[in-house]
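Trainee: Next comes start12.csv, CSV, C-alpha atoms:
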chain,number,residue,atom,x,y,z
N,1,MET,CA,-21.7,1.8,-14.9
N,2,LYS,CA,-20.8,-0.9,-12.3
N,3,ALA,CA,-17.4,0.8,-11.7
N,4,VAL,CA,-19.1,4.2,-11.2
N,5,LEU,CA,-21.5,2.7,-8.6
N,6,ILE,CA,-18.6,1.1,-6.8
N,7,PHE,CA,-16.8,4.5,-6.7
N,8,LEU,CA,-20.0,6.2,-5.4
N,9,LEU,CA,-20.3,3.6,-2.7
N,10,LYS,CA,-16.6,4.1,-1.7
N,11,LEU,CA,-17.1,7.8,-1.8
N,12,ALA,CA,-20.1,7.5,0.6
N,13,LEU,CA,-18.1,5.3,2.9
N,14,THR,CA,-15.2,7.8,2.8
N,15,GLY,CA,-17.5,10.6,3.9
N,16,LEU,CA,-19.1,8.4,6.6
N,17,CYS,CA,-15.7,7.5,8.0
N,18,LEU,CA,-14.5,11.1,7.9
N,19,TRP,CA,-17.6,12.2,9.7
N,20,TRP,CA,-17.1,9.4,12.3
N,21,ALA,CA,-13.4,10.5,12.8
N,22,PHE,CA,-14.3,14.2,13.0
N,23,SER,CA,-17.3,13.6,15.4
N,24,GLN,CA,-14.8,13.4,18.3
N,25,VAL,CA,-12.7,16.4,17.2
N,26,LYS,CA,-12.9,19.7,19.1
N,27,LEU,CA,-12.1,22.2,16.3
N,28,ASP,CA,-11.5,25.0,18.8
N,29,HIS,CA,-8.4,23.3,20.1
N,30,SER,CA,-6.9,22.0,16.8
N,31,VAL,CA,-4.8,23.1,13.9
N,32,PHE,CA,-7.9,22.9,11.7
N,33,THR,CA,-8.8,26.4,13.0
N,34,LYS,CA,-5.2,27.4,13.7
N,35,PRO,CA,-3.2,26.6,10.5
N,36,GLY,CA,-0.4,28.9,11.7
N,37,ALA,CA,0.3,26.3,14.4
N,38,VAL,CA,1.6,23.8,11.9
N,39,ASP,CA,5.3,23.2,12.0
N,40,TYR,CA,6.2,23.2,8.3
N,41,ARG,CA,9.7,22.0,9.0
N,42,TRP,CA,8.3,18.7,10.2
N,43,LEU,CA,5.9,18.6,7.3
N,44,ALA,CA,8.9,19.1,4.9
N,45,ALA,CA,10.7,16.2,6.6
N,46,GLY,CA,7.6,14.1,6.2
N,47,ALA,CA,7.4,14.9,2.5
N,48,THR,CA,11.1,13.9,2.1
N,49,LEU,CA,10.5,10.6,3.8
N,50,ALA,CA,7.4,10.0,1.7
N,51,GLY,CA,9.4,10.6,-1.4
N,52,THR,CA,12.1,8.2,-0.1
N,53,SER,CA,9.4,5.6,0.4
N,54,MET,CA,8.1,6.1,-3.2
N,55,VAL,CA,11.6,5.6,-4.6
N,56,LEU,CA,12.1,2.5,-2.5
N,57,HIS,CA,8.7,1.2,-3.7
N,58,GLY,CA,9.9,1.6,-7.3
N,59,ALA,CA,13.2,-0.1,-6.4
N,60,ARG,CA,11.3,-3.1,-4.9
N,61,TRP,CA,9.2,-3.6,-8.0
N,62,TRP,CA,12.4,-3.2,-10.2
N,63,PHE,CA,13.9,-6.2,-8.5
N,64,PHE,CA,10.8,-8.3,-9.2
N,65,LEU,CA,11.0,-7.2,-12.9
N,66,ARG,CA,14.7,-8.1,-13.0
N,67,ALA,CA,13.8,-11.5,-11.7
N,68,GLN,CA,11.6,-12.0,-14.8
N,69,SER,CA,14.5,-10.8,-17.0
N,70,LEU,CA,12.6,-7.7,-18.1
N,71,PRO,CA,15.2,-5.0,-19.1
N,72,VAL,CA,13.7,-2.0,-17.2
N,73,SER,CA,15.8,0.8,-15.7
N,74,LEU,CA,15.4,1.7,-12.0
N,75,GLY,CA,14.4,5.2,-13.0
N,76,ARG,CA,11.6,3.9,-15.3
N,77,ALA,CA,10.4,1.7,-12.5
N,78,VAL,CA,10.2,4.7,-10.1
N,79,GLU,CA,8.4,6.8,-12.8
N,80,LEU,CA,5.8,4.1,-13.2
N,81,THR,CA,5.4,3.7,-9.4
N,82,MET,CA,4.7,7.5,-9.1
N,83,ILE,CA,2.1,7.2,-11.9
N,84,ASP,CA,0.6,4.3,-10.1
N,85,GLY,CA,0.2,6.5,-7.0
N,86,LEU,CA,-1.5,9.1,-9.1
N,87,PHE,CA,-4.0,6.7,-10.6
N,88,SER,CA,-4.6,5.0,-7.2
N,89,LEU,CA,-5.7,8.5,-5.9
N,90,ALA,CA,-7.7,9.6,-8.9
N,91,SER,CA,-9.1,6.4,-10.5
N,92,ILE,CA,-12.6,5.1,-10.0
N,93,SER,CA,-11.3,1.6,-9.0
N,94,GLY,CA,-8.5,0.8,-6.6
N,95,LEU,CA,-7.0,-1.2,-9.4
N,96,GLY,CA,-6.3,1.9,-11.5
N,97,GLY,CA,-2.7,2.3,-10.4
N,98,ASP,CA,-1.8,-1.3,-11.1
N,99,ALA,CA,-3.5,-1.2,-14.5
N,100,ALA,CA,-1.6,2.0,-15.4
N,101,ARG,CA,1.7,0.3,-14.5
N,102,ILE,CA,0.9,-2.7,-16.6
N,103,ILE,CA,-0.3,-0.8,-19.7
N,104,LEU,CA,2.6,1.6,-19.7
N,105,LEU,CA,5.3,-1.1,-19.3
N,106,MET,CA,3.5,-3.2,-22.0
N,107,ARG,CA,4.1,-0.4,-24.4
N,108,ASP,CA,7.9,-0.8,-23.8
N,109,HIS,CA,7.6,-4.6,-23.8
N,110,PRO,CA,4.8,-5.8,-26.1
N,111,GLY,CA,3.7,-9.4,-25.5
N,112,LYS,CA,4.8,-9.4,-21.9
N,113,LYS,CA,1.5,-8.6,-20.2
N,114,LEU,CA,1.2,-11.7,-18.1
N,115,VAL,CA,4.8,-11.5,-16.9
N,116,ILE,CA,4.4,-7.8,-16.1
N,117,ALA,CA,1.1,-8.4,-14.2
N,118,MET,CA,2.7,-11.2,-12.2
N,119,ALA,CA,5.6,-8.8,-11.3
N,120,VAL,CA,3.0,-6.3,-10.0
N,121,MET,CA,1.4,-9.1,-8.1
N,122,ALA,CA,4.7,-10.2,-6.6
N,123,ASP,CA,5.3,-6.6,-5.6
N,124,HIS,CA,2.1,-6.6,-3.7
N,125,LEU,CA,2.8,-9.9,-2.1
N,126,ALA,CA,6.2,-8.6,-0.9
N,127,GLY,CA,4.4,-5.7,0.6
N,128,MET,CA,2.0,-8.0,2.4
N,129,VAL,CA,4.8,-10.2,3.8
N,130,SER,CA,6.9,-7.3,5.0
N,131,LEU,CA,3.9,-5.5,6.6
N,132,ALA,CA,2.8,-8.7,8.3
N,133,LEU,CA,6.3,-9.4,9.7
N,134,VAL,CA,6.7,-5.9,11.0
N,135,PHE,CA,3.3,-6.1,12.6
N,136,PHE,CA,4.1,-9.4,14.4
N,137,ILE,CA,7.5,-8.2,15.5
N,138,VAL,CA,6.1,-5.0,16.8
N,139,SER,CA,3.3,-6.9,18.5
N,140,ALA,CA,5.7,-9.1,20.3
N,141,ALA,CA,8.1,-6.3,21.2
N,142,ARG,CA,5.4,-4.0,22.5
N,143,PHE,CA,2.9,-6.5,23.8
N,144,GLU,CA,2.2,-4.5,27.0
N,145,SER,CA,1.3,-1.4,25.0
N,146,LEU,CA,-1.3,-3.4,23.0
N,147,ALA,CA,-2.6,-5.4,25.9
N,148,ASN,CA,-5.3,-3.0,27.1
N,149,PRO,CA,-6.9,-1.2,24.1
N,150,SER,CA,-10.4,0.1,23.9
N,151,ILE,CA,-13.2,-2.2,22.6
N,152,LEU,CA,-12.8,-0.8,19.1
N,153,GLY,CA,-9.0,-0.9,19.3
N,154,ARG,CA,-9.1,-4.5,20.4
N,155,GLY,CA,-11.3,-5.5,17.5
N,156,VAL,CA,-9.1,-3.7,15.0
N,157,ILE,CA,-5.9,-5.4,16.4
N,158,HIS,CA,-7.6,-8.8,16.3
N,159,PHE,CA,-8.7,-8.2,12.7
N,160,ALA,CA,-5.2,-7.3,11.8
N,161,TRP,CA,-3.9,-10.5,13.3
N,162,PHE,CA,-6.3,-12.6,11.2
N,163,TYR,CA,-5.9,-10.5,8.1
N,164,LEU,CA,-2.1,-10.4,8.0
N,165,GLY,CA,-1.7,-14.0,9.3
N,166,GLY,CA,-4.1,-15.1,6.5
N,167,GLY,CA,-2.0,-13.0,4.0
N,168,LEU,CA,1.2,-14.8,5.0
N,169,ALA,CA,-0.6,-18.2,4.7
N,170,MET,CA,-1.8,-17.2,1.2
N,171,VAL,CA,1.7,-16.2,0.0
N,172,ALA,CA,3.1,-19.5,1.3
N,173,LEU,CA,0.3,-21.5,-0.4
N,174,ILE,CA,1.0,-19.7,-3.7
N,175,PHE,CA,4.7,-20.6,-3.7
N,176,ILE,CA,4.0,-24.2,-2.6
N,177,CYS,CA,1.5,-24.7,-5.5
N,178,ALA,CA,4.1,-23.1,-7.9
N,179,SER,CA,6.9,-25.5,-6.9
N,180,PRO,CA,7.7,-28.0,-9.6
N,181,PRO,CA,6.6,-31.2,-7.8
N,182,ILE,CA,3.2,-29.8,-6.7
N,183,HIS,CA,2.7,-28.0,-10.1
N,184,ARG,CA,3.3,-31.2,-12.0
N,185,ARG,CA,1.0,-33.1,-9.8
N,186,ILE,CA,-1.8,-30.6,-10.2
N,187,HIS,CA,-1.5,-30.6,-14.0
N,188,ASP,CA,-1.0,-34.4,-14.3
N,189,ASN,CA,-3.2,-36.2,-16.8
N,190,GLY,CA,-4.0,-33.1,-18.7
N,191,ARG,CA,-5.9,-31.3,-16.0
N,192,PHE,CA,-6.7,-27.7,-16.9
N,193,VAL,CA,-5.5,-28.3,-20.5
N,194,LYS,CA,-8.3,-26.0,-21.7
N,195,TRP,CA,-6.9,-23.2,-19.6
N,196,PRO,CA,-3.2,-22.9,-20.5
N,197,MET,CA,-2.9,-19.7,-18.3
N,198,MET,CA,-3.6,-21.9,-15.2
N,199,LYS,CA,-0.3,-23.6,-16.0
N,200,ARG,CA,1.6,-20.5,-17.1
N,201,ILE,CA,0.9,-18.4,-13.9
N,202,PRO,CA,2.6,-20.9,-11.5
N,203,GLU,CA,5.5,-21.2,-13.8
N,204,ILE,CA,6.0,-17.4,-13.7
N,205,HIS,CA,5.8,-17.4,-9.9
N,206,ASP,CA,8.4,-20.2,-9.7
N,207,VAL,CA,10.9,-17.8,-11.3
N,208,TYR,CA,11.1,-16.0,-8.0
N,209,ARG,CA,12.2,-19.3,-6.4
N,210,LYS,CA,14.9,-19.7,-9.0
N,211,ASN,CA,16.0,-16.1,-8.9
N,212,TRP,CA,15.6,-15.9,-5.1
N,213,ARG,CA,18.3,-13.3,-4.7
N,214,HIS,CA,16.2,-10.7,-6.6
N,215,ALA,CA,13.1,-11.7,-4.7
N,216,LEU,CA,15.0,-11.5,-1.3
N,217,ALA,CA,16.4,-8.1,-2.3
N,218,GLY,CA,12.9,-6.8,-3.1
N,219,LEU,CA,11.6,-8.1,0.2
N,220,GLY,CA,14.5,-6.5,2.1
N,221,ILE,CA,13.9,-3.1,0.4
N,222,SER,CA,10.3,-3.4,1.4
N,223,PHE,CA,11.3,-3.1,5.1
N,224,PHE,CA,13.2,0.2,4.5
N,225,MET,CA,10.2,1.4,2.4
N,226,LEU,CA,7.8,0.8,5.2
N,227,THR,CA,10.1,2.5,7.7
N,228,ALA,CA,10.3,5.6,5.6
N,229,TYR,CA,6.5,5.5,5.0
N,230,PHE,CA,5.6,5.1,8.7
N,231,SER,CA,8.1,7.8,9.6
N,232,SER,CA,6.4,10.3,7.3
N,233,TYR,CA,3.3,9.9,9.6
N,234,TYR,CA,5.4,10.5,12.7
N,235,CYS,CA,6.6,13.7,11.1
N,236,GLY,CA,2.9,14.5,10.3
N,237,LEU,CA,2.2,14.0,14.0
N,238,ARG,CA,5.0,16.3,15.1
N,239,ALA,CA,3.9,18.9,12.5
N,240,VAL,CA,0.5,19.3,14.1
N,241,GLY,CA,1.8,19.5,17.6
N,242,GLY,CA,1.8,15.8,18.7
N,243,THR,CA,4.4,14.8,21.1
N,244,SER,CA,4.0,11.0,21.2
N,245,SER,CA,7.1,8.8,20.8
N,246,TYR,CA,8.3,7.4,17.5
N,247,GLY,CA,7.7,3.9,18.8
N,248,THR,CA,4.1,4.6,19.4
N,249,VAL,CA,3.5,5.6,15.8
N,250,ILE,CA,5.5,2.6,14.5
N,251,THR,CA,3.4,0.3,16.7
N,252,ALA,CA,0.1,1.7,15.3
N,253,MET,CA,1.0,2.1,11.7
N,254,PRO,CA,1.1,-1.6,10.6
N,255,VAL,CA,-2.5,-2.1,11.8
N,256,ILE,CA,-3.6,1.2,10.3
N,257,ASP,CA,-1.9,0.6,6.9
N,258,SER,CA,-3.1,-3.0,6.5
N,259,ILE,CA,-6.8,-2.0,7.1
N,260,SER,CA,-6.8,1.3,5.3
N,261,GLY,CA,-5.2,-0.4,2.3
N,262,MET,CA,-8.3,-2.4,1.8
N,263,PRO,CA,-10.6,-1.1,-1.0
N,264,ILE,CA,-13.2,0.3,1.5
N,265,SER,CA,-12.8,4.1,0.8
N,266,VAL,CA,-11.1,6.3,-1.7
N,267,ALA,CA,-7.4,6.0,-1.1
N,268,GLY,CA,-8.1,4.9,2.4
N,269,VAL,CA,-9.2,8.4,3.4
N,270,GLY,CA,-11.5,8.4,6.5
N,271,VAL,CA,-10.7,4.8,7.5
N,272,ARG,CA,-7.1,5.8,8.1
N,273,GLU,CA,-8.1,8.8,10.1
N,274,LYS,CA,-10.5,6.9,12.4
N,275,LEU,CA,-7.9,4.1,13.0
N,276,PHE,CA,-5.2,6.7,13.8
N,277,GLU,CA,-7.5,8.4,16.2
N,278,VAL,CA,-8.5,5.1,18.0
N,279,LEU,CA,-5.0,3.5,18.2
N,280,MET,CA,-3.1,6.6,19.0
N,281,ASN,CA,-5.5,7.4,21.8
N,282,ASP,CA,-5.3,3.8,23.1
N,283,LEU,CA,-1.5,3.7,23.0
N,284,ALA,CA,-0.5,7.2,24.1
N,285,GLY,CA,-3.7,9.1,25.0
N,286,VAL,CA,-3.4,11.4,21.9
N,287,ARG,CA,-6.4,13.7,21.6
N,288,PRO,CA,-8.7,13.0,18.6
N,289,GLU,CA,-8.1,16.4,17.0
N,290,THR,CA,-4.3,15.8,17.0
N,291,ALA,CA,-4.6,12.2,15.8
N,292,VAL,CA,-6.9,13.1,12.9
N,293,ALA,CA,-4.8,16.1,11.9
N,294,ALA,CA,-1.6,14.0,12.0
N,295,SER,CA,-3.1,11.3,9.8
N,296,LEU,CA,-4.2,13.9,7.2
N,297,ALA,CA,-0.8,15.5,7.3
N,298,GLY,CA,1.0,12.2,6.7
N,299,PHE,CA,-1.4,11.4,3.9
N,300,ALA,CA,-0.7,14.8,2.4
N,301,CYS,CA,3.0,14.2,2.4
N,302,ASN,CA,2.5,11.0,0.5
N,303,ALA,CA,-0.2,12.3,-1.8
N,304,PHE,CA,2.2,15.1,-2.8
N,305,TRP,CA,4.5,12.6,-4.5
N,306,ALA,CA,1.6,10.8,-6.1
N,307,GLY,CA,0.5,14.1,-7.5
N,308,LEU,CA,4.0,14.6,-9.0
N,309,GLY,CA,3.4,11.4,-10.9
N,310,ALA,CA,1.3,13.7,-13.2
N,311,LEU,CA,4.5,15.2,-14.5
N,312,PHE,CA,5.6,11.8,-15.8
N,313,PHE,CA,2.1,11.0,-17.0
N,314,LEU,CA,2.1,14.1,-19.2
N,315,LYS,CA,4.8,12.7,-21.3
N,316,LYS,CA,3.4,11.5,-24.6
N,317,ARG,CA,4.7,7.9,-24.2
N,318,ASP,CA,2.9,7.6,-20.8
N,319,ARG,CA,-0.6,8.9,-21.6
N,320,VAL,CA,-3.3,6.4,-21.0
N,321,SER,CA,-6.8,6.6,-22.3
N,322,ALA,CA,-9.8,5.6,-20.1
N,323,ALA,CA,-10.6,2.9,-22.6
N,324,GLU,CA,-7.1,1.3,-22.2
N,325,LEU,CA,-7.4,1.5,-18.5
N,326,GLU,CA,-10.8,-0.2,-18.4
N,327,ALA,CA,-9.7,-2.9,-20.9
N,328,CYS,CA,-6.7,-3.8,-18.8
N,329,LYS,CA,-8.7,-4.1,-15.6
N,330,LYS,CA,-11.3,-6.4,-17.3
N,331,LYS,CA,-8.7,-8.8,-18.8
Please rewrite the model in this file as structure tokens.

Mentor:
Amino acid sequence: MKAVLIFLLKLALTGLCLWWAFSQVKLDHSVFTKPGAVDYRWLAAGATLAGTSMVLHGARWWFFLRAQSLPVSLGRAVELTMIDGLFSLASISGLGGDAARIILLMRDHPGKKLVIAMAVMADHLAGMVSLALVFFIVSAARFESLANPSILGRGVIHFAWFYLGGGLAMVALIFICASPPIHRRIHDNGRFVKWPMMKRIPEIHDVYRKNWRHALAGLGISFFMLTAYFSSYYCGLRAVGGTSSYGTVITAMPVIDSISGMPISVAGVGVREKLFEVLMNDLAGVRPETAVAASLAGFACNAFWAGLGALFFLKKRDRVSAAELEACKKK
């Protein structure tokens, strides 16, 4: 019941954000009333880049699984990543995709739930680190472009600074606490002896320090993944008639992605469109109707590949019951 109420709240926020984004849109001068104006060649390019991003996401997770000595093929990691995308779009909770990945891989490797869950967490942490680094690099390189935003745009950028900066600090703290000297000191004199998992989790994290080559490879792939993902939105912009530069989209996307990735709305819909509208107008004077249409086009390119995850999910070995999904999210 609680999960349903959370979903209904997110659905309401999604509708509110979409209404807010569309409140500035002049439909008479947009592709929303002229679908023939869409350049489907750019849309196809965006879908191709979105698919590349999906494969690279699977490859990133695969390196973190390899660091934990889990014998998982690259193809299997990509399959599960696409199923993750499907559940992230369709599930009541934003954790549905992660739960699906954990459950399905547990079927292949029984008894490895904690290790698999930590690999999923490491995958998210790598995404946080790469996104934060891209944001700070872009902010430094294009400081003048970000210097005079609107009031709302300024608030969004400041929030991204604190949010992503805090994310980097959290990742650093996790690995400091997982280091053997600190870990031994924390658990000295039998502290947390009643909670063995409190000792086991840092030990699993420390594997990434020992197998740093795998962790570094996963982090490196993450930058290519983000480039492909952000580029799919540039293609979406061109598909709906936008003419802004590639650099403008790359400047805006780290902020947009970091905030829309928060569990505020369903799959970030509505939040992403409003942020795209605000930042693209601040950076390049893009009209609201073009910005909102571009955001929805980019989202459609990526949702297409998440939808294809259903083809893998239809396989007998990968079917997940609602009870399994809820049980995994609660544990």

Trainee: My list of candidates is N:Ala141, N:Met54, N:Leu65, N:Met106. Which is closest to Ile83 of chain N when distances are computed with all atoms listed in the file?

Mentor: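 Residue with the minimum atom-to-atom distance to Ile83 of chain N: N:Met54.
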
Trainee: Calculated over only C-alpha atoms, which of the candidates N:Ala291, N:Val55, N:Cys235, N:Leu279 has the smallest distance to Ile151 of chain N?

Mentor: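 Among N:Ala291, N:Val55, N:Cys235, N:Leu279, it is N:Leu279 that comes nearest to Ile151 of chain N.
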
Trainee: Name the residues in contact with Gly298 of chain N at a cut-off of 7 Å, using all atoms listed in the file, excluding same-chain residues fewer than 3 positions from it; report them as an mmCIF file with C-alpha atoms, in the coordinates of the input.

Mentor:
data_model
loop_
_atom_site.group_PDB
_atom_site.id
_atom_site.type_symbol
_atom_site.label_atom_id
_atom_site.label_comp_id
_atom_site.auth_asym_id
_atom_site.auth_seq_id
_atom_site.Cartn_x
_atom_site.Cartn_y
_atom_site.Cartn_z
ATOM 1 C CA GLY N 46 7.600 14.100 6.200
ATOM 2 C CA SER N 232 6.400 10.300 7.300
ATOM 3 C CA TYR N 233 3.300 9.900 9.600
ATOM 4 C CA GLY N 236 2.900 14.500 10.300
ATOM 5 C CA ALA N 294 -1.600 14.000 12.000
ATOM 6 C CA SER N 295 -3.100 11.300 9.800
ATOM 7 C CA CYS N 301 3.000 14.200 2.400
ATOM 8 C CA ASN N 302 2.500 11.000 0.500
#

Trainee: Quick one, how far is atom CA of Val255 of chain N from atom CA of Leu9 of chain N?

Mentor: 23.7 Å

Trainee: Please check which residues have atoms at most 7 Å from (9.3, -11.0, -3.0) in the file's coordinates, counting all atoms listed in the file, and write them as a count of residues only.

Mentor: 9

Trainee: Need to verify the contact set: Gly111 of chain N, 12 Å, all atoms listed in the file, exclusion of same-chain residues closer than 6 positions in sequence. Can you return it as a list in words?

Mentor: Leu70, Ile102, Ile103, Leu105 and Ala117 of chain N

Trainee: Neighbouring residues of segment 256-273 of chain N were defined as those with any atom within 8 Å, considering all atoms listed in the file; residues of the same chain fewer than 2 positions away were excluded. Please report them as a compact mmCIF listing (two decimals) with C-alpha atoms, in the frame of the given file.

Mentor:
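That gives us part_25.txt:
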# COMPACT_ATOMS: atom_id res chain seq x y z
CA PHE N 7 -16.80 4.50 -6.70
CA LYS N 10 -16.60 4.10 -1.70
CA LEU N 11 -17.10 7.80 -1.80
CA LEU N 13 -18.10 5.30 2.90
CA THR N 14 -15.20 7.80 2.80
CA GLY N 15 -17.50 10.60 3.90
CA LEU N 16 -19.10 8.40 6.60
CA CYS N 17 -15.70 7.50 8.00
CA LEU N 18 -14.50 11.10 7.90
CA TRP N 19 -17.60 12.20 9.70
CA ALA N 21 -13.40 10.50 12.80
CA SER N 88 -4.60 5.00 -7.20
CA LEU N 89 -5.70 8.50 -5.90
CA GLY N 94 -8.50 0.80 -6.60
CA LEU N 131 3.90 -5.50 6.60
CA ALA N 160 -5.20 -7.30 11.80
CA LEU N 164 -2.10 -10.40 8.00
CA ALA N 252 0.10 1.70 15.30
CA MET N 253 1.00 2.10 11.70
CA PRO N 254 1.10 -1.60 10.60
CA LEU N 275 -7.90 4.10 13.00
CA PHE N 276 -5.20 6.70 13.80
CA GLU N 277 -7.50 8.40 16.20
CA ALA N 291 -4.60 12.20 15.80
CA VAL N 292 -6.90 13.10 12.90
CA SER N 295 -3.10 11.30 9.80
CA LEU N 296 -4.20 13.90 7.20
